[in-house]
Structures are given as structure tokens and as C-alpha cells.
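Next comes data_3.pdb, with PDB, C-alpha atoms.
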ATOM      1  CA  MET A   1      67.752  14.447 279.869  1.00  0.00           C
ATOM      2  CA  MET A   2      65.841  15.427 283.019  1.00  0.00           C
ATOM      3  CA  ILE A   3      68.519  13.886 285.269  1.00  0.00           C
ATOM      4  CA  ILE A   4      71.253  15.892 283.523  1.00  0.00           C
ATOM      5  CA  LEU A   5      69.227  19.090 283.971  1.00  0.00           C
ATOM      6  CA  GLN A   6      68.642  18.368 287.678  1.00  0.00           C
ATOM      7  CA  ARG A   7      72.343  17.647 288.242  1.00  0.00           C
ATOM      8  CA  SER A   8      73.293  20.835 286.408  1.00  0.00           C
ATOM      9  CA  ILE A   9      70.965  22.904 288.586  1.00  0.00           C
ATOM     10  CA  LEU A  10      72.341  21.292 291.771  1.00  0.00           C
ATOM     11  CA  LEU A  11      75.899  21.970 290.615  1.00  0.00           C
ATOM     12  CA  LEU A  12      75.079  25.629 289.916  1.00  0.00           C
ATOM     13  CA  LEU A  13      73.436  26.025 293.325  1.00  0.00           C
ATOM     14  CA  ALA A  14      76.460  24.458 295.035  1.00  0.00           C
ATOM     15  CA  LEU A  15      78.829  26.784 293.162  1.00  0.00           C
ATOM     16  CA  ALA A  16      76.727  29.815 294.067  1.00  0.00           C
ATOM     17  CA  ALA A  17      76.903  28.849 297.744  1.00  0.00           C
ATOM     18  CA  VAL A  18      80.691  28.511 297.553  1.00  0.00           C
ATOM     19  CA  VAL A  19      81.350  31.876 295.860  1.00  0.00           C
ATOM     20  CA  SER A  20      78.889  33.960 297.849  1.00  0.00           C
ATOM     21  CA  ALA A  21      80.351  36.343 300.396  1.00  0.00           C
ATOM     22  CA  VAL A  22      79.829  35.957 304.129  1.00  0.00           C
ATOM     23  CA  ASP A  23      79.012  39.035 306.220  1.00  0.00           C
ATOM     24  CA  LEU A  24      81.591  39.138 309.017  1.00  0.00           C
ATOM     25  CA  THR A  25      81.023  40.043 312.638  1.00  0.00           C
ATOM     26  CA  PHE A  26      82.600  43.451 313.326  1.00  0.00           C
ATOM     27  CA  LYS A  27      82.720  46.408 315.688  1.00  0.00           C
ATOM     28  CA  ASP A  28      83.349  50.005 314.646  1.00  0.00           C
ATOM     29  CA  CYS A  29      86.403  51.209 316.592  1.00  0.00           C
ATOM     30  CA  GLY A  30      86.246  54.914 315.733  1.00  0.00           C
ATOM     31  CA  SER A  31      85.277  55.624 312.119  1.00  0.00           C
ATOM     32  CA  SER A  32      84.755  59.359 312.664  1.00  0.00           C
ATOM     33  CA  SER A  33      84.961  60.424 308.989  1.00  0.00           C
ATOM     34  CA  GLY A  34      83.227  57.430 307.457  1.00  0.00           C
ATOM     35  CA  GLU A  35      80.275  55.138 308.038  1.00  0.00           C
ATOM     36  CA  ILE A  36      80.814  51.387 307.786  1.00  0.00           C
ATOM     37  CA  ILE A  37      78.076  49.793 305.690  1.00  0.00           C
ATOM     38  CA  LYS A  38      79.219  46.195 305.369  1.00  0.00           C
ATOM     39  CA  VAL A  39      82.167  43.925 306.218  1.00  0.00           C
ATOM     40  CA  PHE A  40      82.446  40.707 304.238  1.00  0.00           C
ATOM     41  CA  SER A  41      84.719  38.020 302.804  1.00  0.00           C
ATOM     42  CA  LYS A  42      84.282  35.397 300.106  1.00  0.00           C
ATOM     43  CA  ALA A  43      87.032  33.274 301.692  1.00  0.00           C
ATOM     44  CA  CYS A  44      85.416  32.943 305.134  1.00  0.00           C
ATOM     45  CA  THR A  45      82.567  30.528 305.751  1.00  0.00           C
ATOM     46  CA  ASP A  46      81.390  31.856 309.147  1.00  0.00           C
ATOM     47  CA  PRO A  47      80.635  35.359 310.521  1.00  0.00           C
ATOM     48  CA  VAL A  48      83.701  34.898 312.779  1.00  0.00           C
ATOM     49  CA  CYS A  49      86.344  33.972 310.221  1.00  0.00           C
ATOM     50  CA  LYS A  50      88.360  30.842 310.873  1.00  0.00           C
ATOM     51  CA  ALA A  51      91.628  31.676 309.126  1.00  0.00           C
ATOM     52  CA  ARG A  52      93.657  28.596 308.238  1.00  0.00           C
ATOM     53  CA  LYS A  53      97.440  28.867 308.469  1.00  0.00           C
ATOM     54  CA  GLY A  54      99.128  29.111 305.090  1.00  0.00           C
ATOM     55  CA  HIS A  55      96.108  30.680 303.389  1.00  0.00           C
ATOM     56  CA  SER A  56      95.137  34.202 302.333  1.00  0.00           C
ATOM     57  CA  TYR A  57      91.778  35.884 303.000  1.00  0.00           C
ATOM     58  CA  ASP A  58      90.447  38.995 301.281  1.00  0.00           C
ATOM     59  CA  ILE A  59      88.612  41.228 303.737  1.00  0.00           C
ATOM     60  CA  ASN A  60      86.206  43.808 302.279  1.00  0.00           C
ATOM     61  CA  VAL A  61      84.856  46.861 304.085  1.00  0.00           C
ATOM     62  CA  THR A  62      82.200  48.910 302.297  1.00  0.00           C
ATOM     63  CA  PHE A  63      81.970  52.422 303.734  1.00  0.00           C
ATOM     64  CA  LYS A  64      80.508  55.837 302.985  1.00  0.00           C
ATOM     65  CA  SER A  65      82.886  58.775 303.316  1.00  0.00           C
ATOM     66  CA  LYS A  66      81.626  61.763 305.318  1.00  0.00           C
ATOM     67  CA  VAL A  67      84.432  63.978 303.961  1.00  0.00           C
ATOM     68  CA  ALA A  68      86.241  64.662 300.685  1.00  0.00           C
ATOM     69  CA  VAL A  69      89.543  62.751 300.530  1.00  0.00           C
ATOM     70  CA  THR A  70      92.457  62.956 298.081  1.00  0.00           C
ATOM     71  CA  SER A  71      94.674  60.194 299.532  1.00  0.00           C
ATOM     72  CA  MET A  72      94.291  57.397 302.094  1.00  0.00           C
ATOM     73  CA  LYS A  73      96.586  55.126 304.111  1.00  0.00           C
ATOM     74  CA  ALA A  74      95.582  51.599 305.135  1.00  0.00           C
ATOM     75  CA  SER A  75      96.885  49.680 308.152  1.00  0.00           C
ATOM     76  CA  LEU A  76      96.280  46.415 309.988  1.00  0.00           C
ATOM     77  CA  ALA A  77      97.014  45.341 313.544  1.00  0.00           C
ATOM     78  CA  GLY A  78      96.291  42.132 315.375  1.00  0.00           C
ATOM     79  CA  VAL A  79      94.937  42.962 318.824  1.00  0.00           C
ATOM     80  CA  ILE A  80      96.122  40.270 321.226  1.00  0.00           C
ATOM     81  CA  ALA A  81      95.338  40.621 324.937  1.00  0.00           C
ATOM     82  CA  GLY A  82      94.436  44.276 324.293  1.00  0.00           C
ATOM     83  CA  ILE A  83      97.781  45.079 322.641  1.00  0.00           C
ATOM     84  CA  PRO A  84      97.762  46.076 318.934  1.00  0.00           C
ATOM     85  CA  VAL A  85     100.577  44.373 316.981  1.00  0.00           C
ATOM     86  CA  PRO A  86     101.112  45.940 313.515  1.00  0.00           C
ATOM     87  CA  PHE A  87     101.029  43.638 310.479  1.00  0.00           C
ATOM     88  CA  PRO A  88     102.272  44.637 307.031  1.00  0.00           C
ATOM     89  CA  LEU A  89      99.662  44.978 304.299  1.00  0.00           C
ATOM     90  CA  PRO A  90     100.304  44.087 300.681  1.00  0.00           C
ATOM     91  CA  GLN A  91      98.718  47.426 299.692  1.00  0.00           C
ATOM     92  CA  PRO A  92      99.072  50.256 302.240  1.00  0.00           C
ATOM     93  CA  ASP A  93      97.878  52.846 299.680  1.00  0.00           C
ATOM     94  CA  GLY A  94      94.206  53.131 300.608  1.00  0.00           C
ATOM     95  CA  CYS A  95      93.260  54.652 297.243  1.00  0.00           C
ATOM     96  CA  VAL A  96      94.582  51.564 295.440  1.00  0.00           C
ATOM     97  CA  ALA A  97      93.011  49.233 298.047  1.00  0.00           C
ATOM     98  CA  CYS A  98      89.670  50.904 297.275  1.00  0.00           C
ATOM     99  CA  GLY A  99      89.993  50.349 293.526  1.00  0.00           C
ATOM    100  CA  ASN A 100      91.765  53.611 292.596  1.00  0.00           C
ATOM    101  CA  VAL A 101      88.810  55.767 293.628  1.00  0.00           C
ATOM    102  CA  CYS A 102      90.725  58.860 294.774  1.00  0.00           C
ATOM    103  CA  PRO A 103      89.760  61.592 295.012  1.00  0.00           C
ATOM    104  CA  VAL A 104      86.719  60.532 297.028  1.00  0.00           C
ATOM    105  CA  ALA A 105      83.863  63.014 297.315  1.00  0.00           C
ATOM    106  CA  SER A 106      81.911  63.360 300.549  1.00  0.00           C
ATOM    107  CA  GLY A 107      78.939  60.986 300.476  1.00  0.00           C
ATOM    108  CA  THR A 108      80.684  58.505 298.157  1.00  0.00           C
ATOM    109  CA  THR A 109      80.499  54.780 298.884  1.00  0.00           C
ATOM    110  CA  ALA A 110      83.628  52.684 298.310  1.00  0.00           C
ATOM    111  CA  THR A 111      84.882  49.209 299.202  1.00  0.00           C
ATOM    112  CA  PHE A 112      88.257  48.843 300.885  1.00  0.00           C
ATOM    113  CA  THR A 113      89.748  45.404 300.065  1.00  0.00           C
ATOM    114  CA  GLU A 114      92.881  44.027 301.659  1.00  0.00           C
ATOM    115  CA  SER A 115      94.396  40.599 301.997  1.00  0.00           C
ATOM    116  CA  LEU A 116      95.080  38.860 305.299  1.00  0.00           C
ATOM    117  CA  ASN A 117      97.943  36.389 304.816  1.00  0.00           C
ATOM    118  CA  VAL A 118      97.969  33.798 307.608  1.00  0.00           C
ATOM    119  CA  GLN A 119     101.538  32.569 307.892  1.00  0.00           C
ATOM    120  CA  PRO A 120     102.180  28.919 308.874  1.00  0.00           C
ATOM    121  CA  SER A 121     104.293  30.205 311.788  1.00  0.00           C
ATOM    122  CA  TYR A 122     101.348  32.057 313.403  1.00  0.00           C
ATOM    123  CA  PRO A 123     100.026  30.461 316.594  1.00  0.00           C
ATOM    124  CA  ALA A 124      96.513  29.016 316.701  1.00  0.00           C
ATOM    125  CA  ILE A 125      94.776  31.845 318.548  1.00  0.00           C
ATOM    126  CA  LYS A 126      91.635  33.960 318.834  1.00  0.00           C
ATOM    127  CA  LEU A 127      92.318  37.632 318.157  1.00  0.00           C
ATOM    128  CA  VAL A 128      90.834  40.819 316.782  1.00  0.00           C
ATOM    129  CA  SER A 129      92.083  42.122 313.446  1.00  0.00           C
ATOM    130  CA  ARG A 130      91.921  45.929 313.442  1.00  0.00           C
ATOM    131  CA  TRP A 131      91.677  47.453 309.970  1.00  0.00           C
ATOM    132  CA  LYS A 132      92.129  51.208 309.543  1.00  0.00           C
ATOM    133  CA  LEU A 133      91.794  53.579 306.630  1.00  0.00           C
ATOM    134  CA  LYS A 134      92.909  57.168 307.277  1.00  0.00           C
ATOM    135  CA  ASP A 135      92.875  60.361 305.274  1.00  0.00           C
ATOM    136  CA  SER A 136      96.604  60.817 304.516  1.00  0.00           C
ATOM    137  CA  THR A 137      96.301  64.615 304.534  1.00  0.00           C
ATOM    138  CA  THR A 138      94.295  65.284 307.707  1.00  0.00           C
ATOM    139  CA  GLY A 139      94.758  62.009 309.593  1.00  0.00           C
ATOM    140  CA  SER A 140      90.998  61.662 310.064  1.00  0.00           C
ATOM    141  CA  MET A 141      89.735  58.104 310.470  1.00  0.00           C
ATOM    142  CA  LEU A 142      87.536  56.965 307.571  1.00  0.00           C
ATOM    143  CA  VAL A 143      87.394  53.337 308.693  1.00  0.00           C
ATOM    144  CA  CYS A 144      88.356  51.654 311.937  1.00  0.00           C
ATOM    145  CA  VAL A 145      86.883  48.192 312.200  1.00  0.00           C
ATOM    146  CA  ASP A 146      87.602  45.341 314.617  1.00  0.00           C
ATOM    147  CA  ILE A 147      86.960  41.905 313.131  1.00  0.00           C
ATOM    148  CA  PRO A 148      87.281  38.817 315.329  1.00  0.00           C
ATOM    149  CA  VAL A 149      89.382  36.049 313.766  1.00  0.00           C
ATOM    150  CA  VAL A 150      90.315  32.549 314.881  1.00  0.00           C
ATOM    151  CA  VAL A 151      93.629  31.286 313.478  1.00  0.00           C
ATOM    152  CA  VAL A 152      93.435  27.510 312.989  1.00  0.00           C
ATOM    153  CA  SER A 153      95.870  24.844 311.806  1.00  0.00           C
TER
END
Can you turn what I pasted into C-alpha cells?
Amino acid sequence: MMIILQRSILLLLALAAVVSAVDLTFKDCGSSSGEIIKVFSKACTDPVCKARKGHSYDINVTFKSKVAVTSMKASLAGVIAGIPVPFPLPQPDGCVACGNVCPVASGTTATFTESLNVQPSYPAIKLVSRWKLKDSTTGSMLVCVDIPVVVVS
């Protein structure tokens, strides 16, 4: 009985380690209307995410809005050799990507979640993924975050 209990506890601890989120390394690239609180992913195992080709990675950015917002637009670019290359997002509507929180009152905390789909055709490369969330009405930048990523085979 004791052995079964010990194995059960070890299994639960192992599962907890697998499903826990990893805080990602990031740099704020101009979030003038929002404050970035945390950047994390459950799919990444290191602070610099190693994104395997053919897989998808949810990236989460928790932020606090400094302004009231009624609609938001999300975008993603891969910055390679200093040049931003736009990538399509599955959900460019920032309100939906934040869990249908609009309108957002000033001082409200929300989590912006988007998926990074690493296509098999992508080269193995180190790059910066630049995630932006803008107020659709005023164009003010709620979130601009640079997250280093390594694409691996």
C-alpha cells in the first residue's frame, strides 16, 4: 500500500512539473499604454523557448492597461537580422485573444494569449518574436514585447 502511495505522489509531482508554465525571457519594445506583468508559456521548457518545427506554442502576456479600451488588434512579427517579418495570427482580434474582455477599463489586468505555429518549412534559426496589442481606436500600444525564440528541428 505504501509503495502505491509513493508512486502516486511521484506521478502527481511529475505531472505538475510538466503542466506548469515557464516564465519566458522578454524585452518591452514600447508598451506605452500598458504595463507588461508576465510573459509565459506552458509549451516551452526554457526561458528562451526552443520551438520545434511542426508544433504549436501558446504564448501568454499578462498586462495592466493604463487606458480604457473598447477594441484591440493583435499582431506578430519575426525579427530576423533587425527586419520585422509579419506572421499571420490565428486570432488578430485582441479582445478575443484576451478572453473577450472588451471593453477594458484603465487599471484592468488581462492576459493576451496567442498561438505560435512553427511550420516544418521554417529554417532552424534564432530570432525575436515581436508580439503587439494595439488599441484599435487610437492606435496606442498596449503591449509590445520581444521574446527570443530558437526554431529547432
Next on the checklist: Since I can't run it myself right now, could you work out what the PyMOL selection byres ((chain A and resi 122-129) around 10) selects here and report it as number ranges by chain?
Outcome noted: A: 26-27, 50-54, 76-82, 84-87, 116, 118-121, 130-132, 145-153
Item to check | Explicit residues for the PyMOL selection byres ((chain A and resi 65) around 10) (as a ChimeraX atom specification) | outcome: /A:31-36,62-64,66-69,104-110,141-143
Next on the checklist: Running the PyMOL selection byres ((chain A and resi 38-42) around 9) on this model by hand, what would come out? Give it as a list in words.
Outcome noted: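 When the PyMOL selection byres ((chain A and resi 38-42) around 9) is applied to the shown file, the picked residues are Val18, Val19, Ser20, Ala21, Val22, Asp23, Leu24, Thr25, Phe26, Ile36, Ile37, Ala43, Cys44, Thr45, Pro47, Cys49, Tyr57, Asp58, Ile59, Asn60, Val61, Thr62, Phe63, Thr111, Val145 and Ile147 of chain A.
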Next on the checklist: Quick check, in Å to one decimal: how far apart do CA of Thr137 in chain A and CA of Glu114 in chain A lie?
Outcome noted: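 Between these atoms lies a distance of 21.1 Å.
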Item to check | Between CA of Ser136 in chain A and CA of Cys98 in chain A - distance in Å to one decimal | outcome: 14.1 Å
Checklist entry - Please, what distance in Å, to one decimal, runs between CA of Thr138 in chain A and CA of Lys73 in chain A? => result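 Distance reported for this atom pair: 11.0 Å.
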Checklist entry - Nearest to Thr70 in chain A: which of A:Thr113, A:Asn100, A:Gln91, A:Ser56 is it, counting all atoms listed in the file? => result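 With all atoms listed in the file as the atom set, the closest residue is A:Asn100.
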Checklist entry - For Asp93 in chain A, which residue out of A:Lys134, A:Gly30, A:Asn117, A:Val48 is the nearest one, using only C-alpha atoms? => result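 Residue with the minimum atom-to-atom distance to Asp93 in chain A: A:Lys134.
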